[in-house]
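**Student:** Following this message is one structure expressed as C-alpha cells.
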Amino acid sequence: MIETMHLTKTFYGAKPVKAVNDVSLTIKDGEVFGLVGTNGAGKSTFLRLLSGVLQQDCGNVLVDREPVFDNPESKKKIFFVPSEPFWFPNSCAMDMGIYYAGVYEDYDMSRFIRLLKDFSLDPERKISEFSKGMQRQLAIILGVCAGTHYLLLDETFDGLDPVMRQAVKSLLAKDMTDRNLTPVLSSHNLRELEDICDHIGLLHQGGILLSENIDDMKLNIQKIQVVFGSEEAQKAAEGMLHILEQKTMGRLHTYIVTGERGAVETVFRSVATVFFEVLPLTLEEIFISETESSGYDIRKLIMQEQ
C-alpha cells in the first residue's frame, strides 16, 4: 500500500510554484489507481515523489509503511516510467534490459525478450530510431519485466495507438492476476483510464480535488432515459429526484441523478411512463457530477479527446 499524508512540494525560481499541495490519499494493493488532471496539475511531480525521485518539502510518502525517499528497500518495490523515459546514448532495447536486470533482482530477462518480439520491437535497433509510440512500448515492457510490486506510469498511453493501448492494458491485467501488481497510471484524459481503473484521483492546481473508488461512486449516481406518459408525470418524477444534469430531445429525457438504483427506479415506476431504462455511466459523467457538486466544472479541468 502507498500512502501520502499532507504531501507538499514547491519549486523555487523567479516565482515559487507549489506543484503538489497538501495531498493525502491511499493507493491500495491490487487495484489500478488512475491519476487524472490537466497538464501542469502536478501529476508528474506527484509520481516522482511517490517513486522517491524527488524529496517532499513536507508531509510523508510511505510504501508498505516505510518512507520511500533515500530508502533503497522501498525503491526496490517501485518502477517509475516518466512521460519522457531516459535512455543511455546510442543504446538499444537489449542494452536497457541488461541495465535494469542489474538493478532489479527479480528482473525477468526471458520475458523481456519475449515481449520485445510480441510487440515487434527489434532488440538490437537503436532506441533513438524508434518512434515515440515504440519508445513508450519499450518503457512499459521494461517496467513490467522488473518484477516490482508497484508500477508508476506517467502519461501512460501517450503516443500509443488504440491497438497498443489495449495490448498494454491486457499486459497490466495479466500481471495483476499473476503477481498482484499495483499499477498507478496518470493521464490528462479520463477516457483513457475508464475501462481499467478501480480508483481515480483528480489533481487540480497541485491539490487533490477528488479521490474515489469508481464502483462506490456508481452506486449513488444513476443515468436514466425516459419517455413520460404526460407532462404531469414528468413534473411528479422531477419533484422526487435530485437531478444533477438533464437533457431533452423531443419526448426523450435523459437524467443524471443521485440516489441508489432501486430508489430511483421506484420513482419512475410510480409515474406514467412509456418506457424508462437505467444506462451505464461513463467516468466523465461521474466526475462531472461529483466535481460540480463541489463547485467545480470538470469540463474546464480535463482535456477531452476529439
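Going by the C-alpha cells order, chains are called A, B, ..., each with residues numbered from 1, while ligands are numbered from 1 in the order shown.
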Check range 46-200 of chain A with DSSP on the backbone and list each residue it calls helix (DSSP H, G or I), as a compact mmCIF listing (two decimals) with C-alpha atoms, in the first residue's frame.
**Tutor:**
# COMPACT_ATOMS: atom_id res chain seq x y z
CA PHE A 46 3.37 13.61 -7.54
CA LEU A 47 4.60 10.41 -9.23
CA ARG A 48 8.23 11.47 -8.77
CA LEU A 49 7.52 11.96 -5.07
CA LEU A 50 5.89 8.51 -4.87
CA SER A 51 8.90 6.89 -6.52
CA PRO A 72 16.71 1.52 -1.24
CA GLU A 73 14.45 -1.20 0.22
CA SER A 74 11.30 0.76 -0.58
CA LYS A 75 12.57 1.75 -4.02
CA ALA A 93 16.45 -2.10 -26.30
CA MET A 94 18.63 -5.00 -25.16
CA ASP A 95 21.12 -2.59 -23.54
CA MET A 96 18.34 -1.14 -21.40
CA GLY A 97 17.04 -4.59 -20.50
CA ILE A 98 20.51 -5.67 -19.35
CA TYR A 99 20.89 -2.47 -17.34
CA TYR A 100 17.59 -2.90 -15.46
CA ALA A 101 18.30 -6.60 -14.91
CA GLY A 102 21.32 -5.45 -12.91
CA VAL A 103 19.21 -3.03 -10.86
CA MET A 109 15.00 -11.18 -18.90
CA SER A 110 13.47 -14.10 -20.77
CA ARG A 111 10.07 -12.45 -20.58
CA PHE A 112 11.59 -9.15 -21.70
CA ILE A 113 12.99 -10.78 -24.84
CA ARG A 114 9.67 -12.50 -25.50
CA LEU A 115 7.66 -9.28 -25.12
CA LEU A 116 10.01 -7.40 -27.45
CA LYS A 117 9.18 -10.00 -30.08
CA ASP A 118 5.45 -9.87 -29.31
CA ILE A 127 16.22 3.39 -29.43
CA SER A 128 16.80 6.82 -30.98
CA GLU A 129 15.44 5.33 -34.20
CA LYS A 132 7.51 7.87 -29.87
CA GLY A 133 4.96 5.07 -29.60
CA MET A 134 7.64 2.39 -29.87
CA GLN A 135 9.69 4.06 -27.14
CA ARG A 136 6.62 4.16 -24.91
CA GLN A 137 6.01 0.44 -25.53
CA LEU A 138 9.62 -0.34 -24.66
CA ALA A 139 9.48 1.69 -21.45
CA ILE A 140 6.34 -0.13 -20.29
CA ILE A 141 7.80 -3.56 -21.15
CA LEU A 142 10.95 -2.71 -19.17
CA GLY A 143 8.77 -1.75 -16.21
CA VAL A 144 6.55 -4.82 -16.34
CA CYS A 145 9.54 -7.16 -16.50
CA PRO A 162 -5.74 2.14 -29.88
CA VAL A 163 -4.46 -1.40 -30.54
CA MET A 164 -1.30 -0.83 -28.49
CA ARG A 165 -3.30 0.79 -25.69
CA GLN A 166 -5.40 -2.33 -25.40
CA ALA A 167 -2.31 -4.53 -25.52
CA VAL A 168 -0.75 -2.58 -22.66
CA LYS A 169 -3.95 -2.81 -20.62
CA SER A 170 -4.01 -6.57 -21.16
CA LEU A 171 -0.37 -6.80 -20.09
CA LEU A 172 -1.08 -4.92 -16.85
CA ALA A 173 -4.18 -7.01 -16.16
CA LYS A 174 -2.18 -10.23 -16.56
CA ASP A 175 0.46 -9.12 -14.05
CA MET A 176 -2.21 -8.02 -11.60
CA THR A 177 -3.65 -11.52 -11.73
CA ASP A 178 -0.34 -13.40 -11.78
CA ARG A 179 1.66 -11.47 -9.18
CA LEU A 190 -10.44 10.38 -18.35
CA ARG A 191 -11.47 8.23 -21.30
CA GLU A 192 -8.06 6.59 -21.49
CA LEU A 193 -8.45 5.24 -17.95
**Student:** Would you tabulate, counting only C-alpha atoms, all residues of range 60-152 of chain A that have an atom at most 12 Å from an atom of range 21-36 of chain A, showing the closest pair of atoms and their distance in Å to one decimal, sorted by chain then ascending number, as JSON lines?
**Tutor:**
{"residue": "A:Asn60", "atom": "CA", "partner": "A:Ser24", "partner_atom": "CA", "distance": 9.0}
{"residue": "A:Val61", "atom": "CA", "partner": "A:Ser24", "partner_atom": "CA", "distance": 9.3}
{"residue": "A:Leu62", "atom": "CA", "partner": "A:Thr26", "partner_atom": "CA", "distance": 9.7}
{"residue": "A:Val63", "atom": "CA", "partner": "A:Ile27", "partner_atom": "CA", "distance": 9.6}
{"residue": "A:Asp64", "atom": "CA", "partner": "A:Asp29", "partner_atom": "CA", "distance": 9.5}
{"residue": "A:Arg65", "atom": "CA", "partner": "A:Thr26", "partner_atom": "CA", "distance": 11.3}
{"residue": "A:His149", "atom": "CA", "partner": "A:Asp29", "partner_atom": "CA", "distance": 8.6}
{"residue": "A:Tyr150", "atom": "CA", "partner": "A:Asp29", "partner_atom": "CA", "distance": 8.5}
{"residue": "A:Leu151", "atom": "CA", "partner": "A:Val32", "partner_atom": "CA", "distance": 10.0}
{"residue": "A:Leu152", "atom": "CA", "partner": "A:Phe33", "partner_atom": "CA", "distance": 9.6}
**Student:** Would you save the residues from that selection as a short mmCIF file (atom, residue, chain, number, x, y, z; two decimals), in the first residue's frame, using C-alpha atoms?
**Tutor:**
data_model
loop_
_atom_site.label_atom_id
_atom_site.label_comp_id
_atom_site.auth_asym_id
_atom_site.auth_seq_id
_atom_site.Cartn_x
_atom_site.Cartn_y
_atom_site.Cartn_z
CA ASN A 60 5.13 11.84 4.08
CA VAL A 61 5.21 9.16 1.38
CA LEU A 62 5.05 5.63 2.73
CA VAL A 63 5.38 2.40 0.75
CA ASP A 64 4.21 -0.52 2.85
CA ARG A 65 4.51 1.81 5.87
CA HIS A 149 5.10 -4.61 -6.78
CA TYR A 150 4.27 -1.07 -7.93
CA LEU A 151 4.48 0.26 -11.49
CA LEU A 152 4.08 4.04 -11.88
#
**Student:** What is the distance, in Å and to one decimal place, between CA of Val271 in chain A and CA of Phe228 in chain A?
**Tutor:** 8.1 Å
**Student:** Would you pick out the contacts of range 244-250 of chain A at 10 Å or less, using only C-alpha atoms, so that residues sharing its chain but fewer than 2 positions from it are not included, and give the list as a list in words?
**Tutor:** Ile221, Gln222, Lys223, Ile224, Gln225, Val226, Val227, Leu241, His242, Leu252, His253, Thr254, Tyr255, Ile256, Val257, Thr258, Glu285, Ile288, Ser289, Glu290, Glu292 and Ser293 of chain A
